[in-house]
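Asks: Data file data36.txt (compact mmCIF, C-alpha atoms and all ligand atoms) is appended below.
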```txt
# COMPACT_ATOMS: atom_id res chain seq x y z
CA MET A 2 60.47 -67.31 25.34
CA LYS A 3 57.63 -64.83 24.95
CA MET A 4 54.18 -66.38 24.61
CA THR A 5 51.87 -64.69 22.13
CA PHE A 6 48.41 -65.25 20.67
CA ARG A 7 47.20 -64.51 17.17
CA TRP A 8 44.30 -62.09 17.02
CA TYR A 9 42.45 -61.06 13.87
CA GLY A 10 41.56 -57.56 14.94
CA THR A 11 38.17 -56.17 15.85
CA ASN A 12 36.42 -58.77 13.65
CA ASP A 13 37.92 -61.56 15.73
CA PRO A 14 35.15 -63.10 17.88
CA ILE A 15 37.68 -63.49 20.71
CA PRO A 16 38.05 -60.30 22.74
CA LEU A 17 41.47 -59.12 23.89
CA SER A 18 40.10 -59.08 27.44
CA TYR A 19 39.77 -62.90 27.26
CA ILE A 20 43.24 -63.41 25.79
CA ARG A 21 44.70 -61.36 28.61
CA GLN A 22 43.32 -63.90 31.10
CA ILE A 23 45.40 -66.76 29.69
CA PRO A 24 48.21 -67.31 32.22
CA GLY A 25 51.63 -66.25 30.97
CA MET A 26 50.39 -64.38 27.91
CA TYR A 27 52.93 -61.76 26.81
CA GLY A 28 51.50 -60.30 23.66
CA ILE A 29 49.35 -60.30 20.58
CA VAL A 30 50.33 -61.18 17.03
CA SER A 31 48.16 -59.35 14.55
CA ALA A 32 48.05 -57.24 11.39
CA VAL A 33 46.41 -54.22 9.82
CA TYR A 34 43.58 -55.88 7.92
CA ASP A 35 41.95 -52.97 6.13
CA VAL A 36 44.75 -51.97 3.77
CA ALA A 37 44.84 -53.67 0.36
CA VAL A 38 47.71 -56.09 -0.27
CA GLY A 39 50.60 -54.15 -1.80
CA GLU A 40 49.67 -50.78 -0.29
CA ILE A 41 51.47 -49.02 2.56
CA TRP A 42 50.29 -49.55 6.14
CA PRO A 43 49.90 -46.04 7.52
CA VAL A 44 51.48 -45.22 10.89
CA ASP A 45 48.16 -44.13 12.40
CA LYS A 46 46.54 -47.51 11.71
CA ILE A 47 49.50 -49.37 13.22
CA GLN A 48 49.46 -47.08 16.25
CA ALA A 49 45.73 -47.57 16.73
CA LEU A 50 46.17 -51.36 16.71
CA LYS A 51 49.07 -51.13 19.12
CA GLN A 52 47.16 -48.92 21.54
CA GLN A 53 44.18 -51.24 21.43
CA VAL A 54 46.41 -54.20 22.35
CA GLU A 55 48.31 -52.29 25.02
CA ALA A 56 45.07 -51.12 26.62
CA HIS A 57 44.58 -54.79 27.54
CA GLY A 58 47.99 -55.14 29.16
CA LEU A 59 49.47 -56.98 26.18
CA LYS A 60 52.34 -56.15 23.82
CA LEU A 61 52.25 -55.85 20.05
CA GLU A 62 55.75 -56.67 18.83
CA VAL A 63 55.10 -59.24 16.10
CA ILE A 64 53.14 -58.80 12.88
CA GLU A 65 51.62 -61.79 11.13
CA SER A 66 51.67 -61.15 8.31
CA VAL A 67 52.60 -58.36 5.98
CA PRO A 68 51.42 -60.21 2.85
CA VAL A 69 53.63 -60.25 -0.23
CA HIS A 70 51.73 -59.24 -3.38
CA GLU A 71 51.39 -61.99 -6.01
CA ASP A 72 53.07 -59.72 -8.59
CA ILE A 73 56.24 -59.75 -6.46
CA LYS A 74 56.15 -63.55 -6.31
CA LEU A 75 55.52 -63.67 -10.06
CA GLY A 76 58.27 -61.13 -10.76
CA LYS A 77 56.01 -58.78 -12.71
CA PRO A 78 57.25 -55.35 -13.87
CA ASN A 79 55.27 -53.45 -11.21
CA ARG A 80 57.06 -55.31 -8.43
CA ASP A 81 59.43 -52.41 -7.78
CA ARG A 82 56.56 -50.15 -6.74
CA LEU A 83 55.11 -52.92 -4.57
CA ILE A 84 58.48 -53.66 -2.95
CA ALA A 85 58.99 -49.94 -2.24
CA ASN A 86 55.57 -49.95 -0.53
CA TYR A 87 56.52 -53.03 1.46
CA ALA A 88 59.75 -51.33 2.57
CA GLN A 89 57.80 -48.27 3.70
CA THR A 90 55.42 -50.48 5.67
CA LEU A 91 58.44 -51.97 7.44
CA ARG A 92 59.75 -48.50 8.31
CA ASN A 93 56.32 -47.53 9.63
CA LEU A 94 56.14 -50.70 11.73
CA ALA A 95 59.60 -50.04 13.15
CA GLN A 96 58.55 -46.51 14.01
CA CYS A 97 55.74 -48.01 16.11
CA GLY A 98 58.10 -50.34 17.94
CA LEU A 99 57.39 -53.57 16.08
CA GLN A 100 60.22 -56.15 16.21
CA VAL A 101 59.34 -59.11 13.98
CA VAL A 102 57.44 -59.42 10.70
CA CYS A 103 56.19 -62.84 9.63
CA TYR A 104 55.57 -63.31 5.92
CA ASN A 105 55.41 -66.14 3.42
CA PHE A 106 56.22 -66.68 -0.22
CA MET A 107 53.55 -69.26 -1.03
CA PRO A 108 51.91 -68.80 -4.41
CA VAL A 109 48.20 -67.95 -4.31
CA PHE A 110 47.20 -69.71 -1.09
CA ASP A 111 48.65 -69.53 2.40
CA TRP A 112 47.52 -72.97 3.43
CA THR A 113 45.55 -75.94 2.14
CA ARG A 114 43.33 -78.43 3.94
CA THR A 115 40.71 -80.92 2.78
CA SER A 116 38.64 -80.59 5.93
CA LEU A 117 38.24 -77.85 8.49
CA GLU A 118 36.19 -79.99 10.85
CA LYS A 119 37.48 -83.52 10.98
CA ILE A 120 35.85 -85.09 14.01
CA LEU A 121 38.31 -86.65 16.44
CA PRO A 122 37.34 -89.55 18.77
CA ASP A 123 36.85 -87.13 21.69
CA GLY A 124 34.29 -85.13 19.70
CA SER A 125 36.55 -82.15 19.04
CA THR A 126 37.00 -80.98 15.46
CA THR A 127 40.17 -80.06 13.64
CA LEU A 128 41.80 -79.16 10.33
CA ALA A 129 42.94 -82.09 8.22
CA PHE A 130 44.66 -82.84 4.94
CA ASP A 131 44.06 -85.94 2.88
CA ALA A 132 46.70 -86.42 0.18
CA THR A 133 44.50 -88.66 -2.01
CA THR A 134 41.68 -86.13 -2.09
CA ILE A 135 44.12 -83.44 -3.22
CA ALA A 136 45.71 -85.70 -5.86
CA GLU A 137 42.28 -86.39 -7.36
CA ILE A 138 41.45 -82.71 -7.89
CA ASP A 139 41.91 -81.36 -11.38
CA PRO A 140 42.71 -77.67 -10.84
CA SER A 141 41.71 -76.77 -14.40
CA ALA A 142 38.16 -77.79 -13.52
CA GLY A 143 38.16 -75.37 -10.59
CA ILE A 144 39.11 -76.02 -7.00
CA GLN A 145 36.58 -76.39 -4.27
CA LEU A 146 38.00 -76.96 -0.85
CA PRO A 147 36.93 -75.70 2.55
CA GLY A 148 38.59 -72.40 3.36
CA TRP A 149 39.76 -72.07 -0.23
CA ASP A 150 40.08 -68.39 -0.98
CA SER A 151 36.76 -67.36 -2.50
CA SER A 152 38.13 -63.92 -3.34
CA TYR A 153 39.40 -65.41 -6.61
CA GLN A 154 36.95 -65.86 -9.45
CA PRO A 155 37.36 -69.24 -11.24
CA GLU A 156 38.80 -67.57 -14.36
CA GLU A 157 41.17 -65.44 -12.32
CA LEU A 158 42.37 -68.51 -10.48
CA LYS A 159 42.95 -70.36 -13.74
CA THR A 160 45.12 -67.49 -15.02
CA LEU A 161 47.12 -67.35 -11.79
CA LEU A 162 47.72 -71.11 -11.79
CA ALA A 163 48.87 -70.93 -15.42
CA GLU A 164 51.22 -68.03 -14.63
CA TYR A 165 52.83 -69.98 -11.81
CA GLN A 166 53.22 -73.08 -13.98
CA GLU A 167 55.50 -70.95 -16.13
CA VAL A 168 57.34 -69.51 -13.13
CA GLY A 169 58.38 -72.84 -11.62
CA GLU A 170 60.61 -73.28 -8.58
CA GLU A 171 63.85 -71.68 -9.74
CA THR A 172 62.20 -68.50 -10.96
CA LEU A 173 60.24 -68.32 -7.72
CA TRP A 174 63.59 -68.54 -5.89
CA ALA A 175 64.93 -65.75 -8.12
CA ASN A 176 61.88 -63.62 -7.32
CA LEU A 177 62.26 -64.28 -3.60
CA THR A 178 65.94 -63.36 -3.86
CA TYR A 179 65.06 -60.10 -5.62
CA PHE A 180 62.52 -59.30 -2.90
CA LEU A 181 64.98 -60.04 -0.08
CA GLN A 182 67.79 -58.06 -1.68
CA HIS A 183 65.55 -55.00 -1.57
CA ILE A 184 63.78 -55.65 1.72
CA ILE A 185 66.39 -57.06 4.09
CA PRO A 186 68.68 -53.98 4.04
CA VAL A 187 65.64 -51.82 4.87
CA ALA A 188 64.56 -54.19 7.66
CA GLU A 189 68.09 -54.30 9.05
CA ALA A 190 68.39 -50.51 9.07
CA ALA A 191 64.96 -50.15 10.72
CA GLY A 192 65.58 -52.86 13.32
CA ILE A 193 62.93 -55.25 12.02
CA LYS A 194 63.49 -58.99 11.86
CA MET A 195 61.89 -60.66 8.87
CA ALA A 196 60.67 -64.20 9.55
CA ILE A 197 59.51 -66.33 6.63
CA HIS A 198 56.79 -68.90 7.30
CA PRO A 199 57.29 -72.26 5.59
CA ASP A 200 54.85 -73.67 3.06
CA ASP A 201 51.79 -75.28 4.56
CA PRO A 202 51.78 -78.15 3.79
CA PRO A 203 55.42 -78.39 2.72
CA ARG A 204 54.97 -79.81 -0.76
CA PRO A 205 53.86 -78.66 -4.22
CA ILE A 206 50.10 -78.51 -4.65
CA PHE A 207 48.12 -78.23 -7.91
CA GLY A 208 51.34 -77.67 -9.84
CA LEU A 209 52.12 -74.53 -7.86
CA PRO A 210 55.82 -74.23 -7.04
CA ARG A 211 56.70 -74.39 -3.34
CA ILE A 212 60.16 -73.48 -2.13
CA VAL A 213 60.14 -73.32 1.69
CA LYS A 214 59.55 -76.95 2.57
CA ASN A 215 62.53 -78.48 4.35
CA ARG A 216 65.96 -78.02 5.92
CA ASP A 217 67.77 -77.39 2.65
CA ASP A 218 65.23 -74.75 1.57
CA LEU A 219 65.58 -72.94 4.91
CA ALA A 220 69.37 -73.02 4.67
CA ARG A 221 69.22 -71.73 1.08
CA LEU A 222 66.88 -68.92 2.12
CA LEU A 223 69.23 -67.81 4.90
CA ALA A 224 72.22 -67.96 2.55
CA ILE A 225 70.63 -65.42 0.17
CA ILE A 226 71.51 -62.66 2.62
CA ASP A 227 73.39 -63.49 5.79
CA SER A 228 71.78 -60.97 8.10
CA PRO A 229 69.98 -61.27 11.44
CA ALA A 230 67.13 -59.47 9.67
CA ASN A 231 66.74 -62.44 7.33
CA GLY A 232 65.22 -65.10 9.53
CA LEU A 233 62.55 -67.72 10.04
CA THR A 234 59.15 -68.37 11.51
CA LEU A 235 59.76 -71.99 12.38
CA CYS A 236 56.33 -73.57 12.20
CA SER A 237 56.52 -77.03 13.75
CA GLY A 238 53.13 -78.02 12.36
CA SER A 239 53.71 -76.91 8.77
CA LEU A 240 57.14 -78.48 8.47
CA GLY A 241 56.04 -81.39 10.65
CA ALA A 242 53.43 -82.35 8.05
CA ASP A 243 56.31 -84.01 6.21
CA CYS A 244 57.68 -86.99 8.20
CA ASN A 245 61.11 -86.36 6.69
CA ASN A 246 61.43 -83.02 8.47
CA ASP A 247 63.08 -83.47 11.87
CA ILE A 248 61.77 -80.45 13.77
CA VAL A 249 64.10 -80.89 16.77
CA ALA A 250 67.11 -80.96 14.44
CA LEU A 251 65.83 -77.86 12.62
CA VAL A 252 65.51 -75.98 15.91
CA HIS A 253 69.04 -77.01 16.90
CA GLU A 254 70.49 -75.89 13.59
CA PHE A 255 68.72 -72.58 13.15
CA ALA A 256 68.33 -71.48 16.77
CA ALA A 257 72.09 -72.00 17.16
CA ARG A 258 72.49 -69.47 14.36
CA ASP A 259 69.96 -67.13 16.01
CA ARG A 260 67.80 -67.06 12.92
CA ILE A 261 64.50 -68.23 14.42
CA HIS A 262 62.66 -65.04 15.30
CA PHE A 263 59.23 -66.54 15.75
CA ALA A 264 58.22 -70.07 16.67
CA HIS A 265 54.84 -71.49 15.72
CA LEU A 266 54.17 -74.41 18.03
CA ARG A 267 51.62 -76.82 16.64
CA ASN A 268 51.34 -80.57 16.87
CA VAL A 269 50.15 -82.73 13.99
CA LYS A 270 49.46 -86.42 13.50
CA VAL A 271 51.05 -87.36 10.21
CA ASN A 272 51.58 -90.52 8.19
CA ALA A 273 54.03 -91.52 5.47
CA ALA A 274 51.46 -90.87 2.72
CA GLY A 275 51.40 -87.21 3.75
CA ASP A 276 47.95 -87.23 5.33
CA PHE A 277 47.79 -85.26 8.52
CA TYR A 278 45.49 -83.61 11.01
CA GLU A 279 46.13 -81.04 13.67
CA THR A 280 46.00 -82.34 17.22
CA SER A 281 46.06 -80.80 20.66
CA HIS A 282 49.50 -79.47 21.53
CA ARG A 283 50.25 -82.39 23.85
CA SER A 284 53.11 -84.53 22.56
CA ALA A 285 51.25 -87.80 23.14
CA ASP A 286 48.38 -86.67 20.90
CA GLY A 287 50.44 -85.97 17.79
CA SER A 288 53.60 -86.98 15.96
CA LEU A 289 55.80 -84.22 17.38
CA ASP A 290 57.63 -84.25 20.71
CA MET A 291 56.85 -80.75 21.94
CA ALA A 292 59.04 -81.15 25.04
CA ALA A 293 62.03 -82.05 22.87
CA ILE A 294 61.30 -79.08 20.58
CA LEU A 295 61.13 -76.65 23.50
CA SER A 296 64.21 -78.22 25.07
CA ALA A 297 66.11 -77.55 21.86
CA TYR A 298 65.01 -73.91 21.93
CA HIS A 299 66.07 -73.63 25.55
CA GLN A 300 69.46 -75.14 24.87
CA HIS A 301 70.21 -72.31 22.47
CA GLY A 302 69.08 -69.59 24.86
CA PHE A 303 65.99 -68.79 22.80
CA SER A 304 64.26 -65.64 24.04
CA GLY A 305 62.09 -64.94 21.00
CA TYR A 306 58.37 -65.02 20.33
CA VAL A 307 56.29 -68.17 20.20
CA ARG A 308 52.62 -68.85 19.81
CA PRO A 309 50.37 -71.84 20.02
CA ASP A 310 49.59 -72.24 16.35
CA HIS A 311 46.22 -73.70 15.47
CA GLY A 312 43.90 -75.33 17.95
CA ARG A 313 40.99 -77.73 17.69
CA MET A 314 37.43 -76.61 18.29
CA ILE A 315 36.39 -77.86 21.71
CA TRP A 316 33.68 -77.27 24.32
CA GLY A 317 31.14 -76.26 21.67
CA GLU A 318 33.10 -73.23 20.54
CA THR A 319 32.41 -71.95 17.05
CA GLY A 320 34.41 -69.47 15.02
CA LYS A 321 37.39 -69.34 12.71
CA PRO A 322 38.65 -72.92 12.23
CA GLY A 323 42.03 -73.35 13.91
CA TYR A 324 41.68 -70.07 15.76
CA GLY A 325 39.33 -70.71 18.62
CA LEU A 326 40.10 -69.51 22.12
CA PHE A 327 39.89 -72.66 24.23
CA ASP A 328 42.30 -75.11 22.65
CA ARG A 329 44.87 -72.45 21.84
CA ALA A 330 44.68 -71.25 25.45
CA LEU A 331 45.22 -74.83 26.64
CA GLY A 332 48.15 -75.03 24.22
CA ALA A 333 49.70 -71.83 25.54
CA VAL A 334 49.44 -73.01 29.13
CA TYR A 335 50.78 -76.48 28.29
CA LEU A 336 53.74 -74.98 26.43
CA ASN A 337 54.44 -72.49 29.22
CA GLY A 338 54.31 -75.40 31.66
CA LEU A 339 56.79 -77.43 29.67
CA TRP A 340 59.03 -74.38 29.46
CA GLU A 341 58.93 -73.77 33.21
CA GLY A 342 59.90 -77.37 33.81
CA ILE A 343 62.76 -77.18 31.34
CA VAL A 344 64.07 -73.90 32.76
CA LYS A 345 63.90 -75.09 36.38
CA GLN A 346 65.49 -78.43 35.63
CA ALA A 347 68.30 -76.74 33.72
CA ASN A 348 68.92 -74.28 36.57
CA LYS A 349 68.98 -77.13 39.06
CA THR A 350 71.47 -79.05 36.96
CA ALA A 351 73.62 -75.92 36.62
CA GLU A 352 73.59 -75.43 40.42
CA MET A 353 74.59 -79.03 41.01
CA ASN A 354 77.50 -78.59 38.64
CA VAL A 355 78.90 -75.53 40.38
MN MN B 401 52.31 -71.70 11.33
```
For the file at hand, write its structure as structure tokens.

Replies:
Amino acid sequence: MKMTFRWYGTNDPIPLSYIRQIPGMYGIVSAVYDVAVGEIWPVDKIQALKQQVEAHGLKLEVIESVPVHEDIKLGKPNRDRLIANYAQTLRNLAQCGLQVVCYNFMPVFDWTRTSLEKILPDGSTTLAFDATTIAEIDPSAGIQLPGWDSSYQPEELKTLLAEYQEVGEETLWANLTYFLQHIIPVAEAAGIKMAIHPDDPPRPIFGLPRIVKNRDDLARLLAIIDSPANGLTLCSGSLGADCNNDIVALVHEFAARDRIHFAHLRNVKVNAAGDFYETSHRSADGSLDMAAILSAYHQHGFSGYVRPDHGRMIWGETGKPGYGLFDRALGAVYLNGLWEGIVKQANKTAEMNV
């Protein structure tokens, strides 16, 4: 298991020199942020990012994300040009030594929350989702939620939402299939592993179709093209926001098939109504058993990339909600600690059985 940390480039308030000081940190997960979605990431920009990361004793082997242009998701006529650009970006990333590319196929918005600063009893703040609040929003009247992408004008958003209403789930699957049929062979040839991130949260929102929500969706996705290059970012927190998703079982199933290329480790406290908030990584604080999740990874000889997903804001830190330094660093150390325990216990058991 290789521990990584997401970093938003030079605009990130957290310096690489701080991330390096987190015990057991292997590498950085980042992206080229100054190229428009749909355009090719030039080799020199990727190299510059890589050198910057390596100058701090860290590796850059995972990209999160190379975003998929909405026109690809919508299946518009110009998708072929955009897919060709995406393919070239993958070749350029491979040329720079990148191994894994995280992406998602969520229409319009990568994630949805109703609060970015829910106050927990200990005074920390966290991201939260209230199902009733979402149900009461009429998207045709405009959507105002914290963190909601303000790059869309209200009219533009209305048009996009209407376009996706027409697309629906099956056409979105067809568009994802078309994308994968063109991209996976390129990734495979270049030595890049594609890793789709599930929908966050894993349910339809505002009438937008959502297709990467549960075990059956993940299995369907992998069946489109049976290649090691067609894999998953298994996000425990995203999938865990639906009580019906058994994360430990998902790890067993898909790690056994060697299709989990990137693990997002996040704990959430969730209820049957679908409300949830993000907790510290500690199992006792949320609904997920992080030790059981890591044990399942270990059982299948997992040696891939992981990262503490979001963290709370603690100790007065301010910055990008979910992406502070302190709680994610605590998460990384906690997860590394669990892993050390699991590895040592397993080795001991193996010795006793000799
Ligand atoms: Mn995630």

Asks: Please report as a Markdown table every residue of chain A lying within 7 Å of ligand MN 401 (chain B), along with the nearest atom pair and their distance in Å (one decimal), using only C-alpha atoms and all ligand atoms.

Replies:
```
| residue | atom | partner | partner_atom | distance |
| --- | --- | --- | --- | --- |
| A:His198 | CA | B:MN401 | MN | 6.6 |
| A:Cys236 | CA | B:MN401 | MN | 4.5 |
| A:Gly238 | CA | B:MN401 | MN | 6.5 |
| A:Ser239 | CA | B:MN401 | MN | 6.0 |
| A:His265 | CA | B:MN401 | MN | 5.1 |
| A:Asp310 | CA | B:MN401 | MN | 5.7 |
```

Asks: Save out the residues we just selected, C-alpha atoms, as a short mmCIF file (atom, residue, chain, number, x, y, z; two decimals), keeping the file's coordinate frame.

Replies:
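So again36.cif came out as:
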```cif
data_model
loop_
_atom_site.label_atom_id
_atom_site.label_comp_id
_atom_site.auth_asym_id
_atom_site.auth_seq_id
_atom_site.Cartn_x
_atom_site.Cartn_y
_atom_site.Cartn_z
CA HIS A 198 56.79 -68.90 7.30
CA CYS A 236 56.33 -73.57 12.20
CA GLY A 238 53.13 -78.02 12.36
CA SER A 239 53.71 -76.91 8.77
CA HIS A 265 54.84 -71.49 15.72
CA ASP A 310 49.59 -72.24 16.35
#
```

Asks: Can you pull out every residue within 10 Å of Asn246 of chain A, counting all atoms listed in the file, but drop anything in the same chain fewer than 6 positions away, and send it as a list in words?

Replies: Pro203, Lys214, Asn215, Arg216, Ser237, Ser239 and Leu240 of chain A

Asks: Listing only residues of segment 249-315 of chain A within 12 Å of segment 21-39 of chain A, what is the closest atom pair and its distance in Å (to one decimal) for each, using only C-alpha atoms, sorted by chain and residue number ascending, as JSON lines?

Replies:
```
{"residue": "A:Phe263", "atom": "CA", "partner": "A:Val30", "partner_atom": "CA", "distance": 10.5}
{"residue": "A:Ala264", "atom": "CA", "partner": "A:Val30", "partner_atom": "CA", "distance": 11.9}
{"residue": "A:His265", "atom": "CA", "partner": "A:Val30", "partner_atom": "CA", "distance": 11.3}
{"residue": "A:Gly305", "atom": "CA", "partner": "A:Tyr27", "partner_atom": "CA", "distance": 11.3}
{"residue": "A:Tyr306", "atom": "CA", "partner": "A:Gly28", "partner_atom": "CA", "distance": 9.0}
{"residue": "A:Val307", "atom": "CA", "partner": "A:Val30", "partner_atom": "CA", "distance": 9.7}
{"residue": "A:Arg308", "atom": "CA", "partner": "A:Val30", "partner_atom": "CA", "distance": 8.5}
{"residue": "A:Pro309", "atom": "CA", "partner": "A:Met26", "partner_atom": "CA", "distance": 10.9}
{"residue": "A:Asp310", "atom": "CA", "partner": "A:Val30", "partner_atom": "CA", "distance": 11.1}
```

Asks: Write the selection just made, keeping C-alpha atoms, as a PDB file, keeping the file's coordinate frame?

Replies:
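Here's the written file out-v5.pdb:
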```pdb
ATOM      1  CA  PHE A 263      59.230 -66.540  15.750  1.00  0.00           C
ATOM      2  CA  ALA A 264      58.220 -70.070  16.670  1.00  0.00           C
ATOM      3  CA  HIS A 265      54.840 -71.490  15.720  1.00  0.00           C
ATOM      4  CA  GLY A 305      62.090 -64.940  21.000  1.00  0.00           C
ATOM      5  CA  TYR A 306      58.370 -65.020  20.330  1.00  0.00           C
ATOM      6  CA  VAL A 307      56.290 -68.170  20.200  1.00  0.00           C
ATOM      7  CA  ARG A 308      52.620 -68.850  19.810  1.00  0.00           C
ATOM      8  CA  PRO A 309      50.370 -71.840  20.020  1.00  0.00           C
ATOM      9  CA  ASP A 310      49.590 -72.240  16.350  1.00  0.00           C
TER      10      ASP A 310
END
```

Asks: Counting all atoms listed in the file, which of A:His253, A:His70, A:Arg221, A:Lys159 gets nearest to Tyr298 of chain A?

Replies: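 The closest residue to Tyr298 of chain A is A:His253.
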
Asks: So that I can check the surroundings of Ser125 of chain A, please list as JSON, numbers by chain every protein, DNA and RNA residue that reaches within 10 Å of it, counting only C-alpha atoms and ignoring chain neighbours fewer than 2 positions away.

Replies: {"A": [118, 119, 120, 121, 122, 123, 127, 280, 281, 313, 314, 315, 316, 317, 318, 328]}

Asks: Please identify every residue of segment 119-192 of chain A that has at least one atom no farther than 7 Å from an atom of segment 104-114 of chain A, counting all atoms listed in the file, and for each give the shortest atom pair and the distance in Å to one decimal, arranged by chain then increasing number, as a tab-separated table.

Replies:
```
residue	atom	partner	partner_atom	distance
A:Leu128	CA	A:Arg114	CA	6.6
A:Ala129	CA	A:Arg114	CA	5.6
A:Phe130	CA	A:Arg114	CA	4.7
```

Asks: Could you write out the selected residues, including C-alpha atoms, as a PDB file, in the coordinates of the input?

Replies:
```pdb
ATOM      1  CA  LEU A 128      41.800 -79.160  10.330  1.00  0.00           C
ATOM      2  CA  ALA A 129      42.940 -82.090   8.220  1.00  0.00           C
ATOM      3  CA  PHE A 130      44.660 -82.840   4.940  1.00  0.00           C
TER       4      PHE A 130
END
```

Asks: Between A:Ala136, A:Ile15, A:Ile193, A:Val69, which one has atoms that come closest to Ala95 of chain A, using only C-alpha atoms?

Replies: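 So, comparing all the options, the nearest one is A:Ile193.
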
Asks: What's the separation between atom CA of His57 of chain A and atom CA of Ser304 of chain A, in Å to one decimal place?

Replies: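 Separating atom CA of His57 of chain A from atom CA of Ser304 of chain A is a distance of 22.7 Å.
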